[in-house]
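One structure is given here, and the rest of the page talks about it.
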2 protein chains.
Amino acid sequence: MQLTEVDTPALLIDLDAFECNVAKMAALADKSGMRLRPHSKTHKSPVIALKQIAAGAVGVCCQKVAEAEAMVSGGVKDVLVTNEIVGTGKLRRLMELAKTARVGVCVDNASNVAALAQAASDAGVSVDVLVEVDVGGGRCGVQTGEPVLELARAIVAAPGLRFAGLHAYHGSAQHIRRFGERGAAIAAAAAKASSTRDLLQQHGIACESITGAGTGSFGFEIESGVHTELQAGSYVFMDADYRRNLNADGEFFNGFEQALYVYVTVMSRPAPDRAIVDAGLKALAFDSGMPQTLFAGASYVGASDEHGNIVLEGDAVNAPAFELGQKLKLIPGHCDPTVNLHNWFVCYRGGRVEAVWPVAGRGPGF
Amino acid sequence: MQLTEVDTPALLIDLDAFECNVAKMAALADKSGMRLRPHSKTHKSPVIALKQIAAGAVGVCCQKVAEAEAMVSGGVKDVLVTNEIVGTGKLRRLMELAKTARVGVCVDNASNVAALAQAASDAGVSVDVLVEVDVGGGRCGVQTGEPVLELARAIVAAPGLRFAGLHAYHGSAQHIRRFGERGAAIAAAAAKASSTRDLLQQHGIACESITGAGTGSFGFEIESGVHTELQAGSYVFMDADYRRNLNADGEFFNGFEQALYVYVTVMSRPAPDRAIVDAGLKALAFDSGMPQTLFAGASYVGASDEHGNIVLEGDAVNAPAFELGQKLKLIPGHCDPTVNLHNWFVCYRGGRVEAVWPVAGRGPGF
């Protein structure tokens with residue numbers, strides 16, 4: 001099947017670009033001597049996870065139990081839930097996974113340590129537990145120092161739980177545009193992680209793993225010498241938001257290829273300077289800005305449920321690409337929530353469709 | 001099952017509020033003498049569509065073929081696609097529906113009229129076709145006057161197509177906050193529709209239907225005396241964005257009950273003034289602002305993929321509702337794209353779950 005025969009809106013993977021990204025990150029991690037554990041919340045696809053693992057990743061990160069279930073049922077043997085899991089139903093399901101896979105999870109509260117221990121004991125399994133440290137993101141996590149020591153001691157003392165280290169991910173640093181400022185944020189995060197590691201060490205508790213880093217920052221975590229594991233996920237696809245980050249030379253970040261697109265059809269040309277496409281709020285995520293076209297002078301400026309409004313200037317006004325019925329590729333503003341809207345990836349190479357992969361973990365499921 | 005036993009994040013319908021909304025809009029339409037054709041893009045559920053029809057609606061609106069398929073396969077016999085359908089695959093599927101249901105569709109381009117006629121002829125069916133008029137929304141649609149006459153003539157002349165009137169929906173007026181300004185926008189839209197109707201009439205072409213109106217504006221379309229059919233959809237659920245509209249007295253709009261919620265769990269309490277819940281970009285839509293809590297002093301201020309950051313002030317800091325593990329209801333910022341993230345509605349009355357309805361038309365499917 002030719003790509004042009006695919007009906008729209010459709011979520012596309014450019015396989016050449018995707019494979020290049022998978023290999024590049026694996027090589028970078030390998031060279032740095034760090035473990036690579038890509039975040040599967042980006043793709044929610046065990047097919048992709050297994051390709052990342054085949055290239056060298058030790059396993060994957062997940063953001064919730066439903067994603068971990070999708071990964072394990074798809075053949076992944078090592079999952080780390082980089083999040084707190086609260087509630088007896090979810091904990092029971094998490095422990096069920098530990099019967100067939102290595103499972104890790106994060107905590108930031110003593111009562112949650114007790115609940116995890118109870119669930120592990122009830123299921124007769126053992127899981128890795130990391131303390132989430134707030135290294136600057138201001139989301140979940142405890143503050144560095146004594147609060148971490150207290151939780152680590154509780155984990156060490158709990159049956160069925162193995163203290164595995166620190167979750168030290170700085171989410172809000174990922175999209176600091178300027179290289180130097182982004183680096184400074186991660187240096188501060190790494191300093192918090194290392195002082196905490198040292199404190200635990202002084203009390204006889206070893207941190208096997210200090211895990212963190214995203215596509216916007218992983219170079220700094222490698223440099224820090226503190227982190228031992230990279231969680232970057234978006235690198236497999238990239239998106240318009242990450243492409244706005246600047247590198248050390250002040251240029252737009254181009255360390256990875258754009259591999260993810262939403263394929264759309266021009267469904268109306270109400271005026272020479274406007275093209276309406278059939279992908280809006282239900283086919284693209286808008287939390288990190290508008291999607292981008294691949295054409296100079298063609299800007300996606302607004303969306304409603306099933307419409308995207310593209311303003312055309314200069315040569316784009318008369319470009320064949322924007323004639324009624326034409327199909328074109330858009331770069332999503334934010335890859336993760338865009339993928340979550342779709343049921344499958346249409347994977348192509350050149351102009352030909354090679355595969356369709358389900359977005360197995362799609363949905364807000366718990 | 002008790003509501004408190006439902007795991008999170010989950011999409012909830014408060015059945016008492018929902019039934020009240022369905023009945024109220026049906027009564028308003030009935031009193032006005034206008035047809036009610038609620039938009040199913042809000043709920044994507046034939047179960048809900050059939051309840052609206054049982055209350056008096058003539059059928060439903062859909063925004064794309066996939067939604068129309070979900071409605072017809074769920075038992076709805078009259079669907080109007082309030083949008084242009086472009087591409088042979090989609091047109092073939094649309095005509096297939098016309099074998100078992102009354103199908104209407106919009107056009108704003110002569111080549112699309114020809115494509116519709118060809119598809120109708122190929123399938124041996126007949127469909128209603130409306131000309132979409134740009135009455136101020138600046139999205140799809142042709143300008144009033146001669147361009148409409150030209151398209152209407154083409155439709156009248158085309159085999160398999162029945163000219164059914166005008167699609168005159170003013171989307172961008174729905175959320176104009178002030179009552180008077182919103183009314184003025186709809187008055188201008190109605191004037192455009194009526195002058196176009198008159199022009200067609202002068203040329204011997206009758207407009208059986210002038211369809212439009214949303215939850216933010218339908219009172220003005222009723223007043224206008226121009227529209228014959230109401231398309232409002234969000235009224236069944238309501239959302240934070242519509243609740244910010246003002247009524248004639250300058251108060252927040254409360255014409256309908258809040259019937260839709262996303263149920264969440266407090267998964268972290270990293271600080272006394274912050275609660276993190278387990279619903280972010282993948283369980284709630286953010287295109288029209290943040291979701292709202294039901295508590296004074298508790299504001300949802302930011303989201304990542306699976307986290308919502310709630311800032312607590314005053315009494316909310318120590319409220320039992322925000323203790324770790326507690327579940328609470330959030331009002332979505334925008335109902336349509338929030339529903340589209342979920343696979344099912346959990347429908348409750350009082351504290352008890354009564355039904356689970358699938359979001360049958362979910363997804364960006366074409």
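For the structure tokens, the naming scheme is as follows: chains receive sequential letters (A, B, ...) according to their order of presentation, residues are indexed from 1 within each chain, and ligands are indexed from 1 in presentation order.
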
DSSP on the backbone: which residues in range 185-313 of chain B end up as strand (DSSP E or B)? Give the answer as a CSV table (one decimal) with all heavy atoms, in the first residue's frame.
```csv
chain,number,residue,atom,x,y,z
B,209,SER,N,-34.1,23.5,5.3
B,209,SER,CA,-33.5,23.6,6.6
B,209,SER,C,-32.4,24.7,6.7
B,209,SER,O,-31.6,24.8,5.8
B,209,SER,CB,-32.8,22.2,6.9
B,209,SER,OG,-32.2,22.2,8.1
B,210,ILE,N,-32.4,25.4,7.8
B,210,ILE,CA,-31.3,26.3,8.1
B,210,ILE,C,-30.8,25.8,9.5
B,210,ILE,O,-31.5,26.1,10.5
B,210,ILE,CB,-31.7,27.8,8.1
B,210,ILE,CG1,-32.1,28.2,6.7
B,210,ILE,CG2,-30.5,28.6,8.5
B,210,ILE,CD1,-32.5,29.6,6.5
B,211,THR,N,-29.7,25.1,9.5
B,211,THR,CA,-29.3,24.4,10.7
B,211,THR,C,-28.0,25.1,11.3
B,211,THR,O,-27.2,25.6,10.6
B,211,THR,CB,-29.1,22.9,10.4
B,211,THR,OG1,-28.7,22.2,11.6
B,211,THR,CG2,-28.0,22.7,9.3
B,212,GLY,N,-28.0,25.1,12.6
B,212,GLY,CA,-26.8,25.7,13.3
B,212,GLY,C,-27.1,25.7,14.8
B,212,GLY,O,-27.9,25.0,15.3
B,229,GLU,N,-33.3,24.6,12.8
B,229,GLU,CA,-32.8,23.4,13.5
B,229,GLU,C,-31.6,23.7,14.4
B,229,GLU,O,-30.8,24.5,14.0
B,229,GLU,CB,-32.3,22.4,12.4
B,229,GLU,CG,-31.9,21.0,12.9
B,229,GLU,CD,-31.6,20.1,11.8
B,229,GLU,OE1,-32.5,19.4,11.3
B,229,GLU,OE2,-30.4,20.0,11.3
B,230,LEU,N,-31.7,23.2,15.6
B,230,LEU,CA,-30.6,23.4,16.6
B,230,LEU,C,-29.6,22.3,16.7
B,230,LEU,O,-30.1,21.1,16.8
B,230,LEU,CB,-31.3,23.6,18.0
B,230,LEU,CG,-32.3,24.8,18.1
B,230,LEU,CD1,-32.9,24.7,19.5
B,230,LEU,CD2,-31.6,26.1,17.8
B,246,LEU,N,-21.5,34.3,30.1
B,246,LEU,CA,-22.4,35.0,31.0
B,246,LEU,C,-23.8,35.1,30.4
B,246,LEU,O,-23.9,35.1,29.2
B,246,LEU,CB,-21.8,36.5,31.2
B,246,LEU,CG,-20.4,36.6,31.7
B,246,LEU,CD1,-19.9,38.0,31.7
B,246,LEU,CD2,-20.2,35.9,33.1
B,252,PHE,N,-22.6,33.9,35.6
B,252,PHE,CA,-22.1,32.7,34.9
B,252,PHE,C,-23.3,31.9,34.5
B,252,PHE,O,-24.3,31.7,35.2
B,252,PHE,CB,-21.2,31.9,35.8
B,252,PHE,CG,-19.8,32.6,36.0
B,252,PHE,CD1,-19.4,32.9,37.3
B,252,PHE,CD2,-19.0,32.8,34.9
B,252,PHE,CE1,-18.2,33.5,37.4
B,252,PHE,CE2,-17.8,33.4,35.1
B,252,PHE,CZ,-17.4,33.8,36.3
B,260,LEU,N,-20.9,16.0,33.5
B,260,LEU,CA,-19.6,15.2,33.1
B,260,LEU,C,-18.5,15.6,34.1
B,260,LEU,O,-18.3,16.7,34.4
B,260,LEU,CB,-19.2,15.6,31.7
B,260,LEU,CG,-18.1,14.8,31.1
B,260,LEU,CD1,-18.6,13.5,30.6
B,260,LEU,CD2,-17.4,15.6,30.0
B,261,TYR,N,-17.8,14.5,34.6
B,261,TYR,CA,-16.7,14.8,35.4
B,261,TYR,C,-15.6,13.8,35.0
B,261,TYR,O,-15.8,12.7,34.4
B,261,TYR,CB,-17.0,14.5,36.9
B,261,TYR,CG,-18.1,15.4,37.4
B,261,TYR,CD1,-19.4,15.0,37.5
B,261,TYR,CD2,-17.8,16.7,37.9
B,261,TYR,CE1,-20.4,15.8,38.0
B,261,TYR,CE2,-18.8,17.5,38.4
B,261,TYR,CZ,-20.1,17.1,38.4
B,261,TYR,OH,-21.1,17.9,38.9
B,262,VAL,N,-14.3,14.1,35.4
B,262,VAL,CA,-13.3,13.1,35.4
B,262,VAL,C,-12.9,12.8,36.9
B,262,VAL,O,-12.7,13.8,37.6
B,262,VAL,CB,-12.0,13.6,34.6
B,262,VAL,CG1,-10.9,12.7,34.8
B,262,VAL,CG2,-12.4,13.7,33.1
B,263,TYR,N,-13.0,11.6,37.2
B,263,TYR,CA,-12.8,11.1,38.6
B,263,TYR,C,-11.3,10.8,38.7
B,263,TYR,O,-10.7,10.1,37.9
B,263,TYR,CB,-13.6,9.8,38.8
B,263,TYR,CG,-14.0,9.5,40.2
B,263,TYR,CD1,-14.4,10.4,41.1
B,263,TYR,CD2,-14.0,8.1,40.5
B,263,TYR,CE1,-14.7,10.0,42.4
B,263,TYR,CE2,-14.4,7.7,41.8
B,263,TYR,CZ,-14.8,8.7,42.7
B,263,TYR,OH,-15.2,8.3,44.0
B,264,VAL,N,-10.7,11.4,39.8
B,264,VAL,CA,-9.2,11.3,39.9
B,264,VAL,C,-8.9,10.9,41.4
B,264,VAL,O,-9.7,11.0,42.3
B,264,VAL,CB,-8.6,12.6,39.6
B,264,VAL,CG1,-8.9,13.1,38.2
B,264,VAL,CG2,-8.9,13.7,40.6
B,265,THR,N,-7.7,10.5,41.6
B,265,THR,CA,-7.1,10.1,42.9
B,265,THR,C,-6.0,11.0,43.2
B,265,THR,O,-5.1,11.3,42.4
B,265,THR,CB,-6.6,8.6,42.9
B,265,THR,OG1,-7.7,7.8,42.6
B,265,THR,CG2,-6.0,8.3,44.2
B,266,VAL,N,-5.9,11.4,44.5
B,266,VAL,CA,-4.8,12.2,45.0
B,266,VAL,C,-3.7,11.1,45.2
B,266,VAL,O,-3.7,10.2,46.0
B,266,VAL,CB,-5.1,12.9,46.3
B,266,VAL,CG1,-3.8,13.5,46.9
B,266,VAL,CG2,-6.2,13.9,46.2
B,267,MET,N,-2.6,11.3,44.3
B,267,MET,CA,-1.6,10.3,44.3
B,267,MET,C,-0.3,10.8,45.0
B,267,MET,O,0.7,10.0,45.2
B,267,MET,CB,-1.3,9.8,42.9
B,267,MET,CG,-1.0,11.0,42.0
B,267,MET,SD,-0.4,10.5,40.3
B,267,MET,CE,1.3,10.1,40.8
B,268,SER,N,-0.2,12.0,45.3
B,268,SER,CA,0.9,12.6,46.0
B,268,SER,C,0.5,13.8,46.7
B,268,SER,O,-0.3,14.6,46.2
B,268,SER,CB,2.1,12.8,45.0
B,268,SER,OG,3.2,13.4,45.6
B,269,ARG,N,1.1,14.1,47.9
B,269,ARG,CA,0.9,15.3,48.6
B,269,ARG,C,2.3,15.8,48.9
B,269,ARG,O,2.8,15.8,50.1
B,269,ARG,CB,0.1,15.1,49.9
B,269,ARG,CG,-1.4,15.1,49.7
B,269,ARG,CD,-1.9,16.4,49.1
B,269,ARG,NE,-1.7,17.6,49.9
B,269,ARG,CZ,-2.6,18.1,50.8
B,269,ARG,NH1,-3.7,17.5,51.0
B,269,ARG,NH2,-2.3,19.2,51.4
B,270,PRO,N,3.0,16.3,47.9
B,270,PRO,CA,4.4,16.7,48.1
B,270,PRO,C,4.6,17.9,49.1
B,270,PRO,O,5.7,18.1,49.6
B,270,PRO,CB,4.9,17.0,46.7
B,270,PRO,CG,3.7,17.4,46.0
B,270,PRO,CD,2.6,16.5,46.5
B,271,ALA,N,3.6,18.7,49.3
B,271,ALA,CA,3.7,19.8,50.2
B,271,ALA,C,2.3,20.1,50.6
B,271,ALA,O,1.3,19.7,50.0
B,271,ALA,CB,4.2,21.0,49.4
B,274,ARG,N,0.0,21.6,48.0
B,274,ARG,CA,-0.1,21.0,46.7
B,274,ARG,C,-0.6,19.6,46.8
B,274,ARG,O,-0.1,18.8,47.6
B,274,ARG,CB,1.2,21.1,46.0
B,274,ARG,CG,1.6,22.5,45.5
B,274,ARG,CD,2.7,22.5,44.4
B,274,ARG,NE,3.9,21.8,44.9
B,274,ARG,CZ,4.4,20.7,44.3
B,274,ARG,NH1,3.8,20.2,43.2
B,274,ARG,NH2,5.5,20.2,44.8
B,275,ALA,N,-1.5,19.2,45.9
B,275,ALA,CA,-2.0,17.8,45.8
B,275,ALA,C,-1.8,17.5,44.3
B,275,ALA,O,-2.1,18.2,43.4
B,275,ALA,CB,-3.4,17.7,46.2
B,276,ILE,N,-1.2,16.3,44.1
B,276,ILE,CA,-1.0,15.8,42.7
B,276,ILE,C,-2.0,14.7,42.5
B,276,ILE,O,-2.1,13.8,43.2
B,276,ILE,CB,0.4,15.3,42.5
B,276,ILE,CG1,1.5,16.3,42.9
B,276,ILE,CG2,0.6,14.9,41.0
B,276,ILE,CD1,1.5,17.6,42.2
B,277,VAL,N,-2.8,14.9,41.4
B,277,VAL,CA,-3.8,13.9,41.1
B,277,VAL,C,-3.4,13.1,39.8
B,277,VAL,O,-2.5,13.6,39.0
B,277,VAL,CB,-5.2,14.5,40.9
B,277,VAL,CG1,-5.7,15.1,42.2
B,277,VAL,CG2,-5.2,15.5,39.7
B,292,GLN,N,-11.6,22.2,36.5
B,292,GLN,CA,-11.9,22.8,37.8
B,292,GLN,C,-12.2,21.8,38.9
B,292,GLN,O,-12.8,20.8,38.6
B,292,GLN,CB,-13.1,23.8,37.7
B,292,GLN,CG,-12.8,25.0,36.8
B,292,GLN,CD,-14.0,25.9,36.6
B,292,GLN,OE1,-15.2,25.5,36.8
B,292,GLN,NE2,-13.8,27.1,36.3
B,298,ALA,N,-9.1,25.3,45.9
B,298,ALA,CA,-8.3,24.2,45.2
B,298,ALA,C,-8.3,24.4,43.7
B,298,ALA,O,-9.4,24.2,43.1
B,298,ALA,CB,-8.9,22.8,45.6
B,299,SER,N,-7.2,24.8,43.2
B,299,SER,CA,-7.1,25.1,41.7
B,299,SER,C,-6.2,24.2,41.0
B,299,SER,O,-5.0,24.1,41.4
B,299,SER,CB,-6.6,26.5,41.6
B,299,SER,OG,-7.4,27.4,42.3
B,300,TYR,N,-6.7,23.6,40.0
B,300,TYR,CA,-5.9,22.7,39.1
B,300,TYR,C,-5.1,23.7,38.2
B,300,TYR,O,-5.7,24.5,37.4
B,300,TYR,CB,-6.8,21.9,38.2
B,300,TYR,CG,-6.1,20.8,37.4
B,300,TYR,CD1,-6.4,19.4,37.7
B,300,TYR,CD2,-5.3,21.1,36.4
B,300,TYR,CE1,-5.8,18.4,36.9
B,300,TYR,CE2,-4.7,20.1,35.6
B,300,TYR,CZ,-5.0,18.7,35.9
B,300,TYR,OH,-4.4,17.7,35.1
B,301,VAL,N,-3.8,23.7,38.4
B,301,VAL,CA,-3.0,24.8,37.7
B,301,VAL,C,-2.0,24.3,36.6
B,301,VAL,O,-1.5,25.1,35.8
B,301,VAL,CB,-2.1,25.6,38.7
B,301,VAL,CG1,-3.1,26.3,39.7
B,301,VAL,CG2,-1.1,24.7,39.4
B,302,GLY,N,-1.8,23.0,36.5
B,302,GLY,CA,-0.9,22.5,35.5
B,302,GLY,C,-1.0,21.0,35.3
B,302,GLY,O,-1.3,20.3,36.3
B,303,ALA,N,-0.6,20.5,34.1
B,303,ALA,CA,-0.7,19.1,33.8
B,303,ALA,C,0.5,18.6,33.1
B,303,ALA,O,1.2,19.3,32.4
B,303,ALA,CB,-1.9,18.8,32.9
B,304,SER,N,0.9,17.4,33.4
B,304,SER,CA,1.8,16.6,32.5
B,304,SER,C,1.0,15.4,32.1
B,304,SER,O,-0.2,15.3,32.3
B,304,SER,CB,3.2,16.4,33.1
B,304,SER,OG,3.0,16.0,34.5
B,307,HIS,N,-0.2,13.5,35.3
B,307,HIS,CA,-0.3,14.3,36.6
B,307,HIS,C,-1.1,15.5,36.4
B,307,HIS,O,-0.9,16.2,35.4
B,307,HIS,CB,1.1,14.7,37.1
B,307,HIS,CG,2.1,13.5,37.3
B,307,HIS,ND1,2.9,13.0,36.4
B,307,HIS,CD2,2.4,12.9,38.5
B,307,HIS,CE1,3.6,12.0,36.9
B,307,HIS,NE2,3.3,11.9,38.2
B,308,GLY,N,-1.8,15.9,37.5
B,308,GLY,CA,-2.4,17.2,37.6
B,308,GLY,C,-2.0,17.8,38.9
B,308,GLY,O,-2.0,17.2,39.9
B,309,ASN,N,-1.6,19.1,38.8
B,309,ASN,CA,-1.0,19.8,39.9
B,309,ASN,C,-2.1,20.7,40.5
B,309,ASN,O,-2.6,21.6,39.8
B,309,ASN,CB,0.2,20.6,39.4
B,309,ASN,CG,1.0,21.1,40.5
B,309,ASN,OD1,0.6,21.0,41.7
B,309,ASN,ND2,2.1,21.8,40.2
B,310,ILE,N,-2.6,20.4,41.7
B,310,ILE,CA,-3.6,21.2,42.3
B,310,ILE,C,-3.0,22.0,43.5
B,310,ILE,O,-2.4,21.4,44.4
B,310,ILE,CB,-4.8,20.3,42.8
B,310,ILE,CG1,-5.5,19.6,41.6
B,310,ILE,CG2,-5.8,21.1,43.7
B,310,ILE,CD1,-6.6,18.7,42.0
B,311,VAL,N,-3.2,23.3,43.4
B,311,VAL,CA,-2.7,24.2,44.4
B,311,VAL,C,-3.8,24.4,45.4
B,311,VAL,O,-5.0,24.7,45.0
B,311,VAL,CB,-2.2,25.5,43.8
B,311,VAL,CG1,-2.0,26.6,44.9
B,311,VAL,CG2,-1.0,25.3,43.0
B,312,LEU,N,-3.5,24.3,46.7
B,312,LEU,CA,-4.5,24.4,47.8
B,312,LEU,C,-4.3,25.6,48.6
B,312,LEU,O,-3.1,26.0,48.9
B,312,LEU,CB,-4.4,23.1,48.7
B,312,LEU,CG,-4.5,21.8,48.0
B,312,LEU,CD1,-4.2,20.7,49.0
B,312,LEU,CD2,-5.9,21.6,47.4
```

Extract, using only C-alpha atoms, all DNA, RNA and protein residues at most 7 Å from Glu313 in chain B, discarding same-chain residues fewer than 3 positions from it, and format them as a ChimeraX atom specification. /B:273,297-298,316-317

Atoms to include: N, CA, C and O atoms. Write the selected residues as a short mmCIF file (atom, residue, chain, number, x, y, z; two decimals), in the first residue's frame.
```
data_model
loop_
_atom_site.label_atom_id
_atom_site.label_comp_id
_atom_site.auth_asym_id
_atom_site.auth_seq_id
_atom_site.Cartn_x
_atom_site.Cartn_y
_atom_site.Cartn_z
N ASP B 273 0.50 22.67 50.50
CA ASP B 273 -0.31 23.49 49.59
C ASP B 273 -0.40 22.90 48.18
O ASP B 273 -0.83 23.57 47.25
N GLY B 297 -10.68 27.25 46.89
CA GLY B 297 -9.30 27.18 47.37
C GLY B 297 -8.51 26.03 46.81
O GLY B 297 -7.38 25.79 47.23
N ALA B 298 -9.05 25.29 45.87
CA ALA B 298 -8.32 24.18 45.24
C ALA B 298 -8.34 24.40 43.73
O ALA B 298 -9.38 24.24 43.10
N ALA B 316 -8.80 24.38 52.15
CA ALA B 316 -8.51 23.22 51.30
C ALA B 316 -7.22 22.52 51.71
O ALA B 316 -7.06 21.32 51.49
N VAL B 317 -6.29 23.27 52.33
CA VAL B 317 -5.00 22.68 52.71
C VAL B 317 -5.20 21.47 53.62
O VAL B 317 -4.53 20.45 53.48
#
```

Tell me which protein, DNA and RNA residues are within 8 Å of range 118-121 of chain B, counting only C-alpha atoms, leaving out same-chain ones fewer than 2 positions away, and put them as a PyMOL selection string. chain B and resi 88+91-92+95+114-116+123-127+159-161

Give me the residues within 6 Å of range 69-84 of chain B as a CSV table (one decimal) with N, CA and C atoms, in the first residue's frame, counting only C-alpha atoms and dropping any in the same chain fewer than 3 places off.
```csv
chain,number,residue,atom,x,y,z
B,46,PRO,N,-24.0,6.2,20.7
B,46,PRO,CA,-25.4,6.0,20.2
B,46,PRO,C,-26.4,5.8,21.3
B,59,GLY,N,-32.8,13.5,15.1
B,59,GLY,CA,-31.6,12.7,14.7
B,59,GLY,C,-30.4,13.4,15.4
B,60,VAL,N,-29.2,13.1,14.8
B,60,VAL,CA,-28.0,13.8,15.4
B,60,VAL,C,-27.2,14.4,14.3
B,61,CYS,N,-26.3,15.3,14.7
B,61,CYS,CA,-25.2,15.7,13.9
B,61,CYS,C,-24.0,14.9,14.2
B,62,CYS,N,-23.1,14.8,13.2
B,62,CYS,CA,-21.8,14.1,13.4
B,62,CYS,C,-20.8,15.0,12.7
B,63,GLN,N,-19.5,14.9,13.1
B,63,GLN,CA,-18.5,15.7,12.5
B,63,GLN,C,-17.7,15.0,11.5
B,66,ALA,N,-16.7,8.5,10.5
B,66,ALA,CA,-16.5,7.5,11.5
B,66,ALA,C,-17.5,7.7,12.6
B,101,ALA,N,-29.9,4.6,6.6
B,101,ALA,CA,-30.3,5.8,7.4
B,101,ALA,C,-30.4,7.0,6.4
B,102,ARG,N,-31.1,8.0,6.9
B,102,ARG,CA,-31.2,9.2,6.2
B,102,ARG,C,-29.9,10.0,6.5
B,103,VAL,N,-29.2,10.4,5.5
B,103,VAL,CA,-27.8,10.9,5.6
B,103,VAL,C,-27.8,12.3,5.0
B,104,GLY,N,-27.3,13.3,5.7
B,104,GLY,CA,-27.0,14.6,5.2
B,104,GLY,C,-25.6,14.9,5.3
B,105,VAL,N,-25.1,15.8,4.4
B,105,VAL,CA,-23.7,16.2,4.4
B,105,VAL,C,-23.6,17.7,3.9
B,106,CYS,N,-22.5,18.3,4.3
B,106,CYS,CA,-22.3,19.7,3.8
B,106,CYS,C,-21.3,19.8,2.7
B,107,VAL,N,-21.4,20.9,2.0
B,107,VAL,CA,-20.4,21.2,0.9
B,107,VAL,C,-20.0,22.7,0.9
B,361,GLY,N,-17.7,6.0,19.2
B,361,GLY,CA,-17.0,6.7,18.1
B,361,GLY,C,-15.7,7.3,18.5
```

List as a Markdown table every residue of chain B that is in contact with chain A, defined as an atom at most 6 Å from one of its atoms (using only C-alpha atoms), together with the nearest atom pair and the distance in Å rounded to one decimal, sorted by chain and then rising number.
```
| residue | atom | partner | partner_atom | distance |
| --- | --- | --- | --- | --- |
| B:Thr8 | CA | A:Phe366 | CA | 5.7 |
| B:Pro9 | CA | A:Phe366 | CA | 6.0 |
| B:Val86 | CA | A:Met267 | CA | 5.6 |
| B:Cys140 | CA | A:Pro270 | CA | 5.7 |
| B:Met267 | CA | A:Val86 | CA | 5.6 |
| B:Pro270 | CA | A:Cys140 | CA | 5.7 |
| B:Lys282 | CA | A:Pro364 | CA | 5.4 |
| B:Ala283 | CA | A:Pro364 | CA | 4.9 |
| B:Pro364 | CA | A:Ala283 | CA | 4.9 |
| B:Phe366 | CA | A:Thr8 | CA | 5.7 |
```

So, with only C-alpha atoms as the atoms that count, which of B:Ala168, B:Cys347, B:Val58, B:Met238 lies closest to Gly255 in chain B?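 Residue with the minimum atom-to-atom distance to Gly255 in chain B: B:Met238.
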
Assign secondary structure with DSSP using the backbone only, and return the residues of range 69-215 of chain B in helix (DSSP H, G or I) as a ChimeraX atom specification. /B:69-73,88-97,110-123,146-157,171-173,179-202

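Closest approach to Tyr242 in chain A from the set A:Ala206, A:Cys335, A:Val133, A:Cys20 is made by A:Cys335, with distances taken over only C-alpha atoms.
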
When you count only C-alpha atoms, which of these residues is closest to Gly214 in chain B: B:Lys31, B:His170, B:Lys24, B:Arg244? B:His170

Separation of CA of Thr144 in chain A from CA of Ser195 in chain A, in Å and rounded to one decimal: 8.0 Å

Which polymer residues have any atom within 8 Å of an atom of Leu294 in chain A, counting only C-alpha atoms, with same-chain residues fewer than 4 positions away left out, as a list in words?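 Counting only the stated atoms, we get Ala298, Lys329, Leu330 and Ile331 of chain A.
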
Atom pair CA of Thr228 in chain A / CA of Ala26 in chain A: separation (Å):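 Separation between CA of Thr228 in chain A and CA of Ala26 in chain A: 14.3 Å.
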